[in-house]
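Visitor: One structure, pasted below without further comment.
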Amino acid sequence: MNPDLELQLKTLPSEPGVYRYYDKNNQLLYVGKAKHLKKRVLSYFNKNLSGYRTRIMVGKIVRLETTIVNSEYDALLLENNLIKEHQPFYNVMLKDDKTYPWICIKNEDFPRVFLTRNVIKDGSEYFGPYAKVKPAKVLLDTIKHIYKLRTCNLNLSPNKIDEGKYKVCLEYHIKNCEGPCQDLESKEDYDQKIDAIRSMIKGDFRKAKDYLVASMTKFAINLQYEQAQLVKERLEVLENYQAKQNI
């Protein structure tokens, strides 16, 4: 073992984080995560280390880097991102884009918002990855309670809508969609919802609240009390979700 690596091993931090191994050509060999960095990294240099592939890798290590994070959960997400970006040779897991789910805002007219494990480089926005799928599903369910978004995969380009190519589907009739396919909802109004959803995913609920309050006020002014009550219920759903997130 070279003196520099030996010194690094002696001065390893004890916090949670991510470690990276490099060879003599400064090639990244492996990325790993740990709740206790020092214990985890030193375990690789144990004389009783098992596994032929791991022993070969350890024999190539001349340098290591560590990144300290706040929690084991943060370490898991950072590990995932680094493996995806650098594709280290000895990381046999997590190299594909299907490991953890993402929330996608699709790059299209009247964007869909959905959960996916496939990251496609088509200009769409991806938020995540989520180490646990449940928080992502809860967030999406909350979004669907508040906003009426289209779920179909139709090409809702302005030309096709103007030509009357489409008819509203069941989702419109059960009040889950505002019918942009028949120009019953403007692109400006739809994009306003997407902008608020984007902020929600990032943890900022102000735009979503402002949108709902404005809608509720508009319905109340027009004496549409039933619609105003529905919007009020959506506002309560948002506030409940925000309270849970804050906790």
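By order in the structure tokens, chains are A, B, ...; within a chain, residues start at 1; ligands start at 1, following the order shown.
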Contacts of Val113 (chain A) at 10 Å or less, counting only C-alpha atoms, minus same-chain residues fewer than 6 places along, as a list in words?
Guide: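 The residues that qualify are Ile103, Cys104, Ile105, Lys106, Asn107, Glu125, Tyr126, Leu140, Ile143, Lys144, Leu149, Arg150, Thr151, Ile194, Ile197 and Arg198 of chain A.
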Visitor: Save out the residues we just selected, C-alpha atoms, as a short mmCIF file (atom, residue, chain, number, x, y, z; two decimals), in the first residue's frame.
Guide:
```
data_model
loop_
_atom_site.label_atom_id
_atom_site.label_comp_id
_atom_site.auth_asym_id
_atom_site.auth_seq_id
_atom_site.Cartn_x
_atom_site.Cartn_y
_atom_site.Cartn_z
CA ILE A 103 -41.12 12.32 -11.53
CA CYS A 104 -41.25 13.38 -15.16
CA ILE A 105 -42.77 16.51 -16.70
CA LYS A 106 -42.92 15.46 -20.33
CA ASN A 107 -41.53 17.74 -23.03
CA GLU A 125 -37.76 17.41 -16.95
CA TYR A 126 -36.90 14.71 -14.40
CA LEU A 140 -48.23 12.70 -7.43
CA ILE A 143 -50.90 16.88 -7.45
CA LYS A 144 -53.76 14.94 -9.08
CA LEU A 149 -54.07 17.16 -16.01
CA ARG A 150 -54.36 15.13 -19.14
CA THR A 151 -53.13 11.52 -19.03
CA ILE A 194 -47.39 22.99 -14.72
CA ILE A 197 -46.47 21.72 -10.05
CA ARG A 198 -42.80 22.20 -10.88
#
```
Visitor: Just asking: which residues within region 1-130 of chain A are alpha helix (DSSP H) according to DSSP, as a VMD selection string?
Guide: chain A and resid 3 to 10 37 to 43 52 to 60 72 to 86
Visitor: Identify which of the residues A:Glu15, A:Glu233, A:Asp23, A:Asp74 lies closest to Ile56 (chain A), counting only C-alpha atoms when measuring atom-to-atom distances.
Guide: A:Asp23
Visitor: Counting only C-alpha atoms, what is within 12 Å of Asn26 (chain A), bar same-chain residues fewer than 2 positions away, as a list in words?
Guide: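 Using only C-alpha atoms, the neighbours found are Arg20, Tyr21, Tyr22, Asp23, Lys24, Leu28, Leu29, Tyr30, Lys60, Ile61, Val62, Arg63, Leu64, Glu65 and Pro88 of chain A.
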Visitor: Quick one: write out the picked residues with all heavy atoms as a CSV table (one decimal), in the first residue's frame?
Guide:
```
chain,number,residue,atom,x,y,z
A,20,ARG,N,-15.1,6.9,-3.1
A,20,ARG,CA,-14.7,6.6,-4.5
A,20,ARG,C,-13.3,6.1,-4.6
A,20,ARG,O,-12.4,6.8,-4.0
A,20,ARG,CB,-14.9,7.9,-5.4
A,20,ARG,CG,-16.3,8.4,-5.4
A,20,ARG,CD,-16.5,9.7,-6.2
A,20,ARG,NE,-15.9,10.8,-5.5
A,20,ARG,CZ,-16.3,11.5,-4.5
A,20,ARG,NH1,-17.5,11.1,-3.9
A,20,ARG,NH2,-15.7,12.5,-3.9
A,21,TYR,N,-13.1,5.0,-5.3
A,21,TYR,CA,-11.7,4.4,-5.4
A,21,TYR,C,-11.2,4.7,-6.8
A,21,TYR,O,-11.9,4.6,-7.8
A,21,TYR,CB,-11.8,2.9,-5.2
A,21,TYR,CG,-12.2,2.5,-3.8
A,21,TYR,CD1,-13.0,1.3,-3.6
A,21,TYR,CD2,-11.8,3.2,-2.7
A,21,TYR,CE1,-13.3,0.9,-2.4
A,21,TYR,CE2,-12.2,2.8,-1.4
A,21,TYR,CZ,-12.9,1.7,-1.3
A,21,TYR,OH,-13.3,1.3,0.0
A,22,TYR,N,-9.9,5.1,-6.9
A,22,TYR,CA,-9.2,5.4,-8.1
A,22,TYR,C,-8.0,4.5,-8.3
A,22,TYR,O,-7.3,4.2,-7.3
A,22,TYR,CB,-8.8,6.9,-8.2
A,22,TYR,CG,-10.0,7.8,-8.2
A,22,TYR,CD1,-10.6,8.3,-7.1
A,22,TYR,CD2,-10.5,8.3,-9.4
A,22,TYR,CE1,-11.6,9.2,-7.1
A,22,TYR,CE2,-11.6,9.2,-9.5
A,22,TYR,CZ,-12.1,9.6,-8.3
A,22,TYR,OH,-13.2,10.5,-8.3
A,23,ASP,N,-7.6,4.2,-9.6
A,23,ASP,CA,-6.4,3.5,-9.8
A,23,ASP,C,-5.2,4.4,-10.2
A,23,ASP,O,-5.4,5.6,-10.1
A,23,ASP,CB,-6.6,2.4,-10.9
A,23,ASP,CG,-6.9,3.1,-12.3
A,23,ASP,OD1,-6.7,4.3,-12.4
A,23,ASP,OD2,-7.4,2.3,-13.2
A,24,LYS,N,-4.1,3.8,-10.6
A,24,LYS,CA,-2.9,4.6,-10.8
A,24,LYS,C,-3.1,5.6,-12.0
A,24,LYS,O,-2.3,6.6,-12.2
A,24,LYS,CB,-1.7,3.7,-11.1
A,24,LYS,CG,-1.8,2.8,-12.3
A,24,LYS,CD,-0.6,1.9,-12.5
A,24,LYS,CE,-0.8,1.0,-13.7
A,24,LYS,NZ,0.4,0.1,-13.8
A,28,LEU,N,-11.7,6.1,-12.3
A,28,LEU,CA,-12.7,5.7,-11.2
A,28,LEU,C,-13.0,4.3,-11.3
A,28,LEU,O,-13.5,3.8,-12.3
A,28,LEU,CB,-13.9,6.6,-11.3
A,28,LEU,CG,-15.0,6.4,-10.2
A,28,LEU,CD1,-14.4,6.7,-8.8
A,28,LEU,CD2,-16.2,7.3,-10.5
A,29,LEU,N,-12.7,3.5,-10.2
A,29,LEU,CA,-13.0,2.1,-10.1
A,29,LEU,C,-14.4,1.7,-9.5
A,29,LEU,O,-15.0,0.9,-10.0
A,29,LEU,CB,-11.9,1.4,-9.3
A,29,LEU,CG,-10.5,1.5,-9.8
A,29,LEU,CD1,-9.5,0.9,-8.7
A,29,LEU,CD2,-10.3,0.7,-11.1
A,30,TYR,N,-14.7,2.5,-8.5
A,30,TYR,CA,-15.9,2.1,-7.7
A,30,TYR,C,-16.4,3.2,-6.9
A,30,TYR,O,-15.7,4.1,-6.4
A,30,TYR,CB,-15.5,0.9,-6.8
A,30,TYR,CG,-16.7,0.3,-6.0
A,30,TYR,CD1,-17.5,-0.6,-6.6
A,30,TYR,CD2,-16.9,0.7,-4.7
A,30,TYR,CE1,-18.6,-1.2,-5.9
A,30,TYR,CE2,-18.0,0.1,-4.0
A,30,TYR,CZ,-18.8,-0.8,-4.6
A,30,TYR,OH,-19.9,-1.3,-3.9
A,60,LYS,N,-5.9,-2.6,-7.1
A,60,LYS,CA,-5.7,-1.5,-8.0
A,60,LYS,C,-5.8,-0.1,-7.4
A,60,LYS,O,-5.5,0.9,-8.0
A,60,LYS,CB,-6.7,-1.6,-9.2
A,60,LYS,CG,-6.5,-2.9,-10.0
A,60,LYS,CD,-7.5,-2.9,-11.2
A,60,LYS,CE,-7.3,-4.1,-12.0
A,60,LYS,NZ,-8.3,-4.1,-13.2
A,61,ILE,N,-6.3,-0.1,-6.2
A,61,ILE,CA,-6.6,1.2,-5.5
A,61,ILE,C,-5.3,1.9,-5.1
A,61,ILE,O,-4.5,1.4,-4.4
A,61,ILE,CB,-7.5,1.1,-4.3
A,61,ILE,CG1,-8.9,0.5,-4.7
A,61,ILE,CG2,-7.8,2.4,-3.6
A,61,ILE,CD1,-9.8,0.1,-3.5
A,62,VAL,N,-5.2,3.2,-5.6
A,62,VAL,CA,-4.0,4.0,-5.1
A,62,VAL,C,-4.5,5.3,-4.5
A,62,VAL,O,-3.7,6.0,-3.8
A,62,VAL,CB,-3.1,4.3,-6.3
A,62,VAL,CG1,-2.5,3.1,-6.9
A,62,VAL,CG2,-3.8,5.2,-7.4
A,63,ARG,N,-5.8,5.6,-4.6
A,63,ARG,CA,-6.3,6.9,-4.1
A,63,ARG,C,-7.8,6.7,-3.8
A,63,ARG,O,-8.4,6.0,-4.5
A,63,ARG,CB,-6.0,8.0,-5.0
A,63,ARG,CG,-6.5,9.4,-4.6
A,63,ARG,CD,-6.0,10.5,-5.5
A,63,ARG,NE,-6.7,10.4,-6.8
A,63,ARG,CZ,-7.9,10.9,-7.1
A,63,ARG,NH1,-8.5,11.6,-6.1
A,63,ARG,NH2,-8.4,10.9,-8.3
A,64,LEU,N,-8.3,7.4,-2.8
A,64,LEU,CA,-9.7,7.4,-2.6
A,64,LEU,C,-10.2,8.8,-2.3
A,64,LEU,O,-9.4,9.7,-1.8
A,64,LEU,CB,-10.1,6.5,-1.5
A,64,LEU,CG,-9.6,6.8,0.0
A,64,LEU,CD1,-10.7,7.6,0.7
A,64,LEU,CD2,-9.4,5.5,0.7
A,65,GLU,N,-11.4,9.1,-2.5
A,65,GLU,CA,-12.1,10.3,-2.2
A,65,GLU,C,-13.4,10.0,-1.4
A,65,GLU,O,-14.0,9.0,-1.6
A,65,GLU,CB,-12.5,11.1,-3.4
A,65,GLU,CG,-11.3,11.7,-4.2
A,65,GLU,CD,-11.7,12.5,-5.4
A,65,GLU,OE1,-12.9,12.5,-5.7
A,65,GLU,OE2,-10.8,13.1,-6.1
A,88,PRO,N,-18.6,3.5,-13.2
A,88,PRO,CA,-17.4,2.8,-12.8
A,88,PRO,C,-17.4,1.3,-13.1
A,88,PRO,O,-18.5,0.7,-13.0
A,88,PRO,CB,-17.4,3.0,-11.2
A,88,PRO,CG,-18.3,4.2,-11.0
A,88,PRO,CD,-19.4,4.1,-12.1
```
Visitor: Could you check which of A:Leu230, A:Cys169, A:Val58, A:Val41 is closest to Met1 (chain A), using only C-alpha atoms?
Guide: A:Val58
Visitor: Please run DSSP on the backbone and report, as a ChimeraX atom specification, all residues within region 116-230 of chain A that come out as strand (DSSP E).
Guide: /A:116,125-127
Visitor: Report, in Å to a single decimal, how far apart CA of Leu82 (chain A) and CA of Lys134 (chain A) are.
Guide: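 One can read the CA of Lys134 (chain A) to CA of Leu82 (chain A) distance as 23.1 Å.
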Visitor: Work out how far CA of Glu185 (chain A) is from CA of Tyr172 (chain A), in Å to one decimal.
Guide: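 Interatomic distance here is 11.2 Å.
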